[in-house]
>>> print(open('query_23.csv').read())   # CSV, C-alpha atoms
chain,number,residue,atom,x,y,z
A,1,MET,CA,-53.2,6.1,-16.1
A,2,ARG,CA,-49.7,4.7,-15.9
A,3,SER,CA,-47.8,5.0,-19.1
A,4,ARG,CA,-45.3,2.4,-20.2
A,5,ARG,CA,-42.5,4.9,-19.7
A,6,ARG,CA,-43.5,5.5,-16.1
A,7,PHE,CA,-43.6,1.8,-15.5
A,8,LEU,CA,-40.1,1.3,-16.9
A,9,ILE,CA,-38.7,4.1,-14.8
A,10,ASP,CA,-40.3,2.7,-11.6
A,11,SER,CA,-39.1,-0.8,-12.2
A,12,ALA,CA,-35.6,0.4,-12.9
A,13,ARG,CA,-35.6,2.3,-9.6
A,14,LEU,CA,-36.8,-0.8,-7.8
A,15,THR,CA,-34.1,-3.0,-9.3
A,16,ALA,CA,-31.4,-0.4,-8.5
A,17,GLY,CA,-32.7,-0.1,-4.9
A,18,ALA,CA,-32.7,-3.9,-4.4
A,19,GLY,CA,-29.2,-4.1,-5.7
A,20,LEU,CA,-28.0,-1.4,-3.3
A,21,VAL,CA,-29.5,-3.2,-0.3
A,22,SER,CA,-27.8,-6.5,-1.1
A,23,LEU,CA,-24.5,-4.7,-1.7
A,24,VAL,CA,-24.6,-3.0,1.7
A,25,SER,CA,-25.5,-6.2,3.5
A,26,PHE,CA,-22.8,-8.2,1.8
A,27,ARG,CA,-20.0,-5.7,2.2
A,28,PRO,CA,-19.5,-4.4,5.7
A,29,SER,CA,-18.1,-0.9,6.3
A,30,TRP,CA,-17.1,-0.2,2.7
A,31,ALA,CA,-14.7,2.7,2.2
A,32,THR,CA,-15.9,5.6,0.1
A,33,PRO,CA,-14.1,8.6,-1.5
A,34,GLU,CA,-15.2,10.5,1.6
A,35,THR,CA,-13.6,8.0,4.0
A,36,MET,CA,-10.4,8.2,1.9
A,37,GLN,CA,-10.5,12.0,2.3
A,38,GLY,CA,-10.9,11.5,6.0
A,39,ALA,CA,-8.0,9.1,6.2
A,40,ILE,CA,-5.9,11.6,4.2
A,41,ARG,CA,-6.9,14.4,6.7
A,42,GLU,CA,-5.8,12.2,9.6
A,43,VAL,CA,-2.3,12.0,8.1
A,44,VAL,CA,-1.8,15.5,6.7
A,45,GLY,CA,-3.8,17.4,9.3
A,46,GLU,CA,-4.6,20.9,8.2
A,47,ALA,CA,-1.8,21.1,5.7
A,48,ILE,CA,-2.5,21.7,2.0
A,49,VAL,CA,-1.7,18.8,-0.3
A,50,GLN,CA,-0.2,20.1,-3.6
A,51,ARG,CA,-0.2,18.2,-6.8
A,52,GLY,CA,3.2,17.4,-8.3
A,53,LYS,CA,6.6,15.9,-7.4
A,54,VAL,CA,5.0,12.5,-6.8
A,55,ALA,CA,4.6,9.9,-9.6
A,56,LEU,CA,2.3,7.1,-8.8
A,57,ASP,CA,2.8,4.2,-11.3
A,58,LEU,CA,-0.1,1.7,-11.5
A,59,PRO,CA,-1.4,-0.3,-14.5
A,60,PRO,CA,-4.5,1.5,-15.9
A,61,LEU,CA,-6.3,-1.8,-16.5
A,62,VAL,CA,-6.0,-4.7,-14.1
A,63,GLU,CA,-7.3,-8.2,-14.7
A,64,ASN,CA,-6.8,-9.5,-11.2
A,65,GLY,CA,-7.3,-7.2,-8.3
A,66,ASN,CA,-5.6,-9.6,-5.9
A,67,THR,CA,-2.2,-8.4,-6.8
A,68,VAL,CA,-1.6,-5.0,-8.5
A,69,PRO,CA,2.0,-3.7,-8.7
A,70,LEU,CA,2.4,-0.1,-7.5
A,71,THR,CA,5.5,2.2,-7.6
A,72,VAL,CA,5.7,5.6,-6.0
A,73,THR,CA,8.6,7.9,-7.0
A,74,VAL,CA,9.1,11.3,-5.5
A,75,GLU,CA,11.2,14.0,-7.1
A,76,SER,CA,13.7,14.9,-4.4
A,77,PRO,CA,17.5,15.3,-4.0
A,78,MET,CA,17.2,13.3,-0.8
A,79,THR,CA,19.8,15.5,1.1
A,80,ALA,CA,19.7,16.3,4.8
A,81,GLU,CA,18.2,19.7,3.9
A,82,ASP,CA,15.6,18.5,1.4
A,83,HIS,CA,14.3,15.0,1.6
A,84,VAL,CA,11.1,12.9,1.7
A,85,LYS,CA,10.1,11.8,5.2
A,86,SER,CA,7.2,9.5,4.4
A,87,ILE,CA,5.1,8.2,1.5
A,88,HIS,CA,1.4,7.3,2.1
A,89,VAL,CA,-0.9,5.4,-0.3
A,90,PHE,CA,-4.7,5.5,-0.1
A,91,ASN,CA,-7.6,3.9,-2.0
A,92,GLU,CA,-11.2,4.8,-2.4
A,93,LYS,CA,-13.2,1.6,-2.5
A,94,ASN,CA,-11.5,-1.1,-0.5
A,95,PRO,CA,-13.0,-1.9,2.9
A,96,GLN,CA,-10.3,0.3,4.4
A,97,PRO,CA,-8.8,3.5,2.9
A,98,TYR,CA,-5.2,2.8,3.9
A,99,VAL,CA,-2.7,0.8,1.8
A,100,ILE,CA,0.9,1.5,3.1
A,101,ALA,CA,2.8,4.2,5.0
A,102,ALA,CA,6.5,4.1,4.3
A,103,HIS,CA,9.1,6.1,6.3
A,104,LEU,CA,12.4,7.0,4.8
A,105,GLY,CA,15.0,9.7,5.1
A,106,PRO,CA,18.1,11.2,3.4
A,107,ARG,CA,19.8,7.8,3.9
A,108,ALA,CA,17.5,6.3,1.3
A,109,GLY,CA,19.3,8.0,-1.6
A,110,ARG,CA,16.3,7.7,-3.8
A,111,ALA,CA,12.7,8.4,-2.8
A,112,GLN,CA,11.0,5.4,-4.4
A,113,ILE,CA,9.0,2.5,-3.1
A,114,ALA,CA,7.3,-0.4,-4.8
A,115,THR,CA,4.8,-2.9,-3.5
A,116,ARG,CA,1.7,-4.9,-4.6
A,117,LEU,CA,-1.8,-4.2,-3.4
A,118,LYS,CA,-5.3,-5.6,-3.6
A,119,LEU,CA,-8.1,-3.6,-5.2
A,120,ALA,CA,-11.7,-4.5,-4.5
A,121,ASP,CA,-13.1,-2.4,-7.4
A,122,SER,CA,-12.3,0.0,-10.2
A,123,GLN,CA,-11.2,3.1,-8.3
A,124,GLN,CA,-8.8,5.9,-7.7
A,125,VAL,CA,-5.5,5.4,-5.8
A,126,VAL,CA,-3.8,8.4,-4.2
A,127,ALA,CA,-0.1,8.7,-3.1
A,128,ILE,CA,1.0,11.4,-0.8
A,129,ALA,CA,4.6,12.3,0.1
A,130,ARG,CA,5.6,14.3,3.2
A,131,LEU,CA,8.7,16.4,2.8
A,132,ASN,CA,11.0,17.4,5.7
A,133,ASP,CA,9.8,21.0,5.3
A,134,GLY,CA,6.3,19.9,6.2
A,135,SER,CA,4.8,20.2,2.7
A,136,TYR,CA,2.7,17.5,1.2
A,137,TRP,CA,2.6,16.5,-2.5
A,138,SER,CA,0.4,14.0,-4.2
A,139,ASP,CA,-0.5,12.1,-7.3
A,140,SER,CA,-3.4,9.9,-8.2
A,141,ALA,CA,-4.2,7.2,-10.7
A,142,ASP,CA,-7.4,5.6,-11.9
A,143,VAL,CA,-7.5,1.9,-12.2
A,144,ILE,CA,-10.0,-0.3,-13.8
A,145,VAL,CA,-10.3,-3.8,-12.2
A,146,THR,CA,-12.0,-6.7,-13.9
A,147,LEU,CA,-11.7,-9.3,-11.1
A,148,ALA,CA,-12.1,-7.8,-7.6
A,149,ALA,CA,-10.1,-8.8,-4.5
A,150,CYS,CA,-10.8,-8.8,-0.8
A,151,THR,CA,-14.3,-10.3,-0.7
A,152,GLU,CA,-13.8,-13.0,-3.3
A,153,GLN,CA,-13.9,-16.5,-2.0
B,1,MET,CA,9.0,-19.6,9.8
B,2,ALA,CA,7.7,-18.1,6.6
B,3,ARG,CA,9.7,-18.3,3.5
B,4,VAL,CA,11.5,-15.1,2.7
B,5,LEU,CA,13.1,-13.7,-0.5
B,6,ILE,CA,15.5,-10.8,-0.2
B,7,ASN,CA,17.3,-9.4,-3.2
B,8,LEU,CA,20.2,-7.0,-2.7
B,9,PRO,CA,23.8,-6.8,-4.1
B,10,ALA,CA,26.4,-8.6,-2.0
B,11,ARG,CA,28.9,-5.9,-2.8
B,12,ALA,CA,28.5,-2.2,-3.4
B,13,LYS,CA,30.7,0.9,-3.7
B,14,ARG,CA,30.6,3.4,-0.9
B,15,GLY,CA,27.9,6.0,-1.6
B,16,GLU,CA,26.2,3.9,-4.2
B,17,ILE,CA,22.4,3.9,-4.2
B,18,ILE,CA,21.2,0.3,-4.0
B,19,GLU,CA,17.8,-1.2,-4.4
B,20,ILE,CA,16.6,-3.8,-1.9
B,21,LYS,CA,13.6,-6.0,-2.8
B,22,THR,CA,11.9,-8.2,-0.1
B,23,LEU,CA,9.1,-10.7,-0.2
B,24,ILE,CA,7.7,-12.8,2.6
B,25,ALA,CA,5.2,-15.7,2.3
B,26,HIS,CA,2.1,-14.6,4.1
B,27,SER,CA,-1.7,-14.9,3.4
B,28,MET,CA,-2.4,-11.2,4.4
B,29,GLU,CA,-5.9,-12.3,5.3
B,30,THR,CA,-8.1,-9.2,5.3
B,31,GLY,CA,-10.8,-10.3,7.7
B,32,TYR,CA,-13.4,-9.4,5.1
B,33,ARG,CA,-13.5,-12.8,3.3
B,34,LEU,CA,-16.0,-15.5,4.2
B,35,ASP,CA,-15.1,-19.3,4.3
B,36,SER,CA,-17.3,-22.0,2.8
B,37,THR,CA,-19.6,-22.1,5.9
B,38,GLY,CA,-20.2,-18.3,5.6
B,39,ALA,CA,-18.1,-17.4,8.7
B,40,ALA,CA,-15.7,-14.5,8.4
B,41,VAL,CA,-12.0,-15.6,8.0
B,42,PRO,CA,-10.2,-13.9,10.9
B,43,ARG,CA,-7.9,-11.1,10.0
B,44,ASP,CA,-4.2,-12.0,10.0
B,45,ILE,CA,-1.8,-9.6,8.4
B,46,ILE,CA,1.8,-8.4,8.6
B,47,ASP,CA,1.4,-4.8,9.7
B,48,ARG,CA,5.0,-3.7,10.2
B,49,PHE,CA,8.2,-4.0,8.3
B,50,VAL,CA,11.6,-2.6,9.4
B,51,CYS,CA,15.0,-2.7,7.8
B,52,THR,CA,18.1,-1.7,9.8
B,53,CYS,CA,21.7,-1.5,8.8
B,54,ASN,CA,24.1,-2.3,11.7
B,55,GLY,CA,21.3,-1.4,14.1
B,56,GLU,CA,20.4,1.9,12.5
B,57,GLU,CA,16.9,2.0,11.0
B,58,ILE,CA,17.0,2.8,7.2
B,59,PHE,CA,13.4,2.0,6.2
B,60,ARG,CA,10.1,1.3,7.9
B,61,ALA,CA,6.6,0.7,6.6
B,62,GLU,CA,3.2,0.2,8.1
B,63,LEU,CA,1.2,-2.3,6.0
B,64,PHE,CA,-2.6,-2.5,5.8
B,65,PRO,CA,-5.0,-5.3,4.6
B,66,ALA,CA,-4.9,-3.7,1.1
B,67,ILE,CA,-1.4,-5.1,0.6
B,68,ALA,CA,-1.5,-8.2,-1.5
B,69,ALA,CA,-0.7,-11.7,-0.2
B,70,ASN,CA,3.0,-12.4,0.1
B,71,PRO,CA,3.9,-8.8,0.7
B,72,PHE,CA,6.5,-7.4,-1.7
B,73,ILE,CA,8.3,-4.3,-0.6
B,74,ALA,CA,11.1,-2.6,-2.6
B,75,PHE,CA,13.1,0.5,-1.5
B,76,PHE,CA,16.4,2.2,-1.9
B,77,THR,CA,19.3,2.9,0.4
B,78,ILE,CA,22.8,4.4,0.2
B,79,ALA,CA,25.6,1.8,0.8
B,80,THR,CA,27.6,3.4,3.6
B,81,GLU,CA,29.4,0.6,5.4
B,82,SER,CA,29.9,-3.1,5.4
B,83,GLY,CA,27.9,-5.1,7.8
B,84,GLU,CA,24.5,-6.6,8.6
B,85,LEU,CA,21.2,-5.7,7.2
B,86,ALA,CA,18.3,-6.9,9.3
B,87,PHE,CA,14.8,-7.3,7.9
B,88,SER,CA,11.9,-7.7,10.4
B,89,TRP,CA,8.3,-8.4,9.7
B,90,THR,CA,5.8,-8.2,12.5
B,91,ASP,CA,2.2,-9.5,12.3
B,92,ASP,CA,-1.0,-8.6,14.0
B,93,HIS,CA,-0.3,-11.0,16.9
B,94,GLY,CA,3.1,-9.4,17.6
B,95,GLN,CA,5.1,-12.2,16.2
B,96,THR,CA,8.3,-11.1,14.5
B,97,GLN,CA,10.4,-12.8,11.9
B,98,THR,CA,13.9,-11.4,11.3
B,99,GLU,CA,16.3,-12.2,8.5
B,100,ILE,CA,19.9,-11.1,8.3
B,101,ARG,CA,21.9,-10.4,5.2
B,102,GLN,CA,25.5,-9.3,4.9
B,103,ILE,CA,26.7,-6.6,2.6
B,104,THR,CA,30.3,-5.6,1.7
B,105,VAL,CA,30.9,-1.9,1.0
B,106,GLU,CA,34.2,-1.0,-0.5
>>> encode(input="query_23.csv", output="structure tokens")
Amino acid sequence: MRSRRRFLIDSARLTAGAGLVSLVSFRPSWATPETMQGAIREVVGEAIVQRGKVALDLPPLVENGNTVPLTVTVESPMTAEDHVKSIHVFNEKNPQPYVIAAHLGPRAGRAQIATRLKLADSQQVVAIARLNDGSYWSDSADVIVTLAACTEQ
Amino acid sequence: MARVLINLPARAKRGEIIEIKTLIAHSMETGYRLDSTGAAVPRDIIDRFVCTCNGEEIFRAELFPAIAANPFIAFFTIATESGELAFSWTDDHGQTQTEIRQITVE
């Protein structure tokens, strides 16, 4: 005999399943935290990414995902011996994991970039800086998005 | 020609770190949106930005569809010499728009 509880669990599963199917068909090749890790690996290779030195500044709560201000600051003296070569930003849940790759050098004076990005969903954003000694440093920020971008009409 | 906004000091002291802010009017169409008939809107983005000072590259960035429409990019540089700062944006189709600004370093 089917209990009421069993029925509720089954119907909840069914609804969740149907929701998943429509999501997949509507959004082609959605990025996932795994694809972001893959994209990061493509940039850093086998190197170890350490936490620190990088400060990723993003609003924690975003009303409109179509334009989200972002600032990446790296702690560095920016001298010929010790400077930031590039800054990479990645996201978890947009259709593609890449956001921007900025290339700078000692001539920049200050290792800081600012831009605006689109966010398709509440997610984690990761910034990675490559120093001239070949080390990689990172910071991440979690953002809650109320109105998503990218697929909105 | 797309409208461009570039914000940088007209004058700077030698060795001073200056901030340069740039913005270009562009839809940055991701290719993931559908139009009213249900067809995908073709991708059209600016994917490269380069800034040079008297011909020497001082900043370069690769942009992806996740960059918001009307891409805004701000960065820093050390004022070393007077001259021309050239800003170039290149889109998916290889079209480039270049803007020149003068800076006086004293």
>>> closest_residue(input="query_23.csv", among="A:Asn66, A:Thr35, A:Asn132, A:Ser138", to="chain B", atoms="only C-alpha atoms")
A:Asn66
>>> closest_atom_pairs(input="query_23.csv", of="chain B", to="chain A", cutoff="9 Å", atoms="only C-alpha atoms", output="Markdown table")
| residue | atom | partner | partner_atom | distance |
| --- | --- | --- | --- | --- |
| B:Gly15 | CA | A:Gly109 | CA | 8.8 |
| B:Glu16 | CA | A:Gly109 | CA | 8.4 |
| B:Ile17 | CA | A:Gly109 | CA | 5.8 |
| B:Ile18 | CA | A:Gly109 | CA | 8.3 |
| B:Lys21 | CA | A:Ala114 | CA | 8.7 |
| B:Glu29 | CA | A:Cys150 | CA | 8.6 |
| B:Thr30 | CA | A:Cys150 | CA | 6.7 |
| B:Gly31 | CA | A:Cys150 | CA | 8.6 |
| B:Tyr32 | CA | A:Thr151 | CA | 5.9 |
| B:Arg33 | CA | A:Thr151 | CA | 4.8 |
| B:Leu34 | CA | A:Gln153 | CA | 6.6 |
| B:Asp35 | CA | A:Gln153 | CA | 7.0 |
| B:Ser36 | CA | A:Gln153 | CA | 8.1 |
| B:Ile58 | CA | A:Arg107 | CA | 6.6 |
| B:Phe59 | CA | A:Leu104 | CA | 5.3 |
| B:Arg60 | CA | A:His103 | CA | 5.2 |
| B:Ala61 | CA | A:Ala102 | CA | 4.1 |
| B:Glu62 | CA | A:Ala101 | CA | 5.1 |
| B:Leu63 | CA | A:Ile100 | CA | 4.8 |
| B:Phe64 | CA | A:Val99 | CA | 5.2 |
| B:Pro65 | CA | A:Val99 | CA | 7.1 |
| B:Ala66 | CA | A:Val99 | CA | 5.1 |
| B:Ile67 | CA | A:Leu117 | CA | 4.1 |
| B:Ala68 | CA | A:Leu117 | CA | 4.4 |
| B:Ala69 | CA | A:Thr67 | CA | 7.5 |
| B:Asn70 | CA | A:Arg116 | CA | 8.9 |
| B:Pro71 | CA | A:Arg116 | CA | 6.9 |
| B:Phe72 | CA | A:Thr115 | CA | 5.1 |
| B:Ile73 | CA | A:Thr115 | CA | 4.8 |
| B:Ala74 | CA | A:Ala114 | CA | 4.9 |
| B:Phe75 | CA | A:Ile113 | CA | 4.8 |
| B:Phe76 | CA | A:Ala108 | CA | 5.3 |
| B:Thr77 | CA | A:Ala108 | CA | 4.0 |
| B:Ile78 | CA | A:Gly109 | CA | 5.3 |
| B:Ala79 | CA | A:Arg107 | CA | 8.9 |
| B:Thr80 | CA | A:Arg107 | CA | 9.0 |
>>> residues_around(input="query_23.csv", residues="Ala141 in chain A", least_positions_apart="6", cutoff="10 Å", atoms="all atoms listed in the file", output="list in words")
Ala55, Leu56, Asp57, Leu58, Pro59, Pro60, Asn91, Gln123, Gln124, Val125, Val126 and Ala127 of chain A
>>> write_last_selection(input="query_23.csv", atoms="C-alpha atoms", output="tab-separated table (two decimals), keeping the file's coordinate frame")
chain	number	residue	atom	x	y	z
A	55	ALA	CA	4.60	9.90	-9.60
A	56	LEU	CA	2.30	7.10	-8.80
A	57	ASP	CA	2.80	4.20	-11.30
A	58	LEU	CA	-0.10	1.70	-11.50
A	59	PRO	CA	-1.40	-0.30	-14.50
A	60	PRO	CA	-4.50	1.50	-15.90
A	91	ASN	CA	-7.60	3.90	-2.00
A	123	GLN	CA	-11.20	3.10	-8.30
A	124	GLN	CA	-8.80	5.90	-7.70
A	125	VAL	CA	-5.50	5.40	-5.80
A	126	VAL	CA	-3.80	8.40	-4.20
A	127	ALA	CA	-0.10	8.70	-3.10
>>> closest_residue(input="query_23.csv", among="A:Asp139, A:Gly52, A:Asp133, A:Glu34", to="Val72 in chain A", atoms="only C-alpha atoms")
A:Asp139
>>> closest_residue(input="query_23.csv", among="B:Glu19, B:Glu56, B:Asp47, B:Glu81", to="Thr104 in chain B", atoms="only C-alpha atoms")
B:Glu81
>>> closest_residue(input="query_23.csv", among="B:Ala25, B:Val50, B:Arg11, B:Ile6", to="Gly83 in chain B", atoms="all atoms listed in the file")
B:Arg11
>>> atom_distance(input="query_23.csv", atom1="CA of Arg48 in chain B", atom2="CA of Gly94 in chain B")
9.5 Å
>>> residues_near_point(input="query_23.csv", point="(-7.0, -7.1, -14.0)", cutoff="7 Å", atoms="all atoms listed in the file", output="list in words")
Leu61, Val62, Glu63, Asn64, Gly65, Val145, Thr146 and Leu147 of chain A
>>> closest_residue(input="query_23.csv", among="B:Met28, B:Cys53, B:Ala86, B:Leu23", to="Val41 in chain B", atoms="only C-alpha atoms")
B:Met28
>>> atom_distance(input="query_23.csv", atom1="CA of Ser76 in chain A", atom2="CA of Val105 in chain B")
24.6 Å
>>> closest_residue(input="query_23.csv", among="A:Ala129, A:Val143, A:Asp82, A:Glu92", to="Pro33 in chain A", atoms="all atoms listed in the file")
A:Glu92
>>> atom_distance(input="query_23.csv", atom1="CA of Asp92 in chain B", atom2="CA of Leu131 in chain A")
29.1 Å
>>> build_atoms(input="query_23.csv", residues="range 83-98 of chain A", atoms="N, CA and C atoms", output="mmCIF file, in the frame of the given file")
data_model
loop_
_atom_site.group_PDB
_atom_site.id
_atom_site.type_symbol
_atom_site.label_atom_id
_atom_site.label_comp_id
_atom_site.auth_asym_id
_atom_site.auth_seq_id
_atom_site.Cartn_x
_atom_site.Cartn_y
_atom_site.Cartn_z
ATOM 1 N N HIS A 83 14.519 16.398 1.864
ATOM 2 C CA HIS A 83 14.300 15.000 1.600
ATOM 3 C C HIS A 83 12.806 14.623 1.914
ATOM 4 N N VAL A 84 12.438 13.419 1.498
ATOM 5 C CA VAL A 84 11.100 12.900 1.700
ATOM 6 C C VAL A 84 11.114 12.149 3.066
ATOM 7 N N LYS A 85 10.167 12.454 3.924
ATOM 8 C CA LYS A 85 10.100 11.800 5.200
ATOM 9 C C LYS A 85 9.189 10.532 5.149
ATOM 10 N N SER A 86 8.068 10.667 4.441
ATOM 11 C CA SER A 86 7.200 9.500 4.400
ATOM 12 C C SER A 86 6.358 9.526 3.082
ATOM 13 N N ILE A 87 5.937 8.339 2.687
ATOM 14 C CA ILE A 87 5.100 8.200 1.500
ATOM 15 C C ILE A 87 3.854 7.383 1.973
ATOM 16 N N HIS A 88 2.668 7.907 1.686
ATOM 17 C CA HIS A 88 1.400 7.300 2.100
ATOM 18 C C HIS A 88 0.596 6.949 0.856
ATOM 19 N N VAL A 89 -0.028 5.779 0.842
ATOM 20 C CA VAL A 89 -0.900 5.400 -0.300
ATOM 21 C C VAL A 89 -2.285 5.121 0.245
ATOM 22 N N PHE A 90 -3.297 5.660 -0.451
ATOM 23 C CA PHE A 90 -4.700 5.500 -0.100
ATOM 24 C C PHE A 90 -5.513 4.985 -1.238
ATOM 25 N N ASN A 91 -6.642 4.326 -0.919
ATOM 26 C CA ASN A 91 -7.600 3.900 -2.000
ATOM 27 C C ASN A 91 -8.971 4.322 -1.610
ATOM 28 N N GLU A 92 -9.833 4.345 -2.626
ATOM 29 C CA GLU A 92 -11.200 4.800 -2.400
ATOM 30 C C GLU A 92 -12.181 3.756 -2.005
ATOM 31 N N LYS A 93 -12.069 2.559 -2.571
ATOM 32 C CA LYS A 93 -13.200 1.600 -2.500
ATOM 33 C C LYS A 93 -12.885 0.280 -1.866
ATOM 34 N N ASN A 94 -11.693 0.083 -1.314
ATOM 35 C CA ASN A 94 -11.500 -1.100 -0.500
ATOM 36 C C ASN A 94 -12.187 -0.979 0.787
ATOM 37 N N PRO A 95 -12.305 -2.054 1.577
ATOM 38 C CA PRO A 95 -13.000 -1.900 2.900
ATOM 39 C C PRO A 95 -12.293 -0.861 3.771
ATOM 40 N N GLN A 96 -10.993 -0.691 3.627
ATOM 41 C CA GLN A 96 -10.300 0.300 4.400
ATOM 42 C C GLN A 96 -9.523 1.252 3.460
ATOM 43 N N PRO A 97 -9.418 2.536 3.793
ATOM 44 C CA PRO A 97 -8.800 3.500 2.900
ATOM 45 C C PRO A 97 -7.254 3.400 2.823
ATOM 46 N N TYR A 98 -6.620 2.771 3.831
ATOM 47 C CA TYR A 98 -5.200 2.800 3.900
ATOM 48 C C TYR A 98 -4.561 1.641 3.060
#
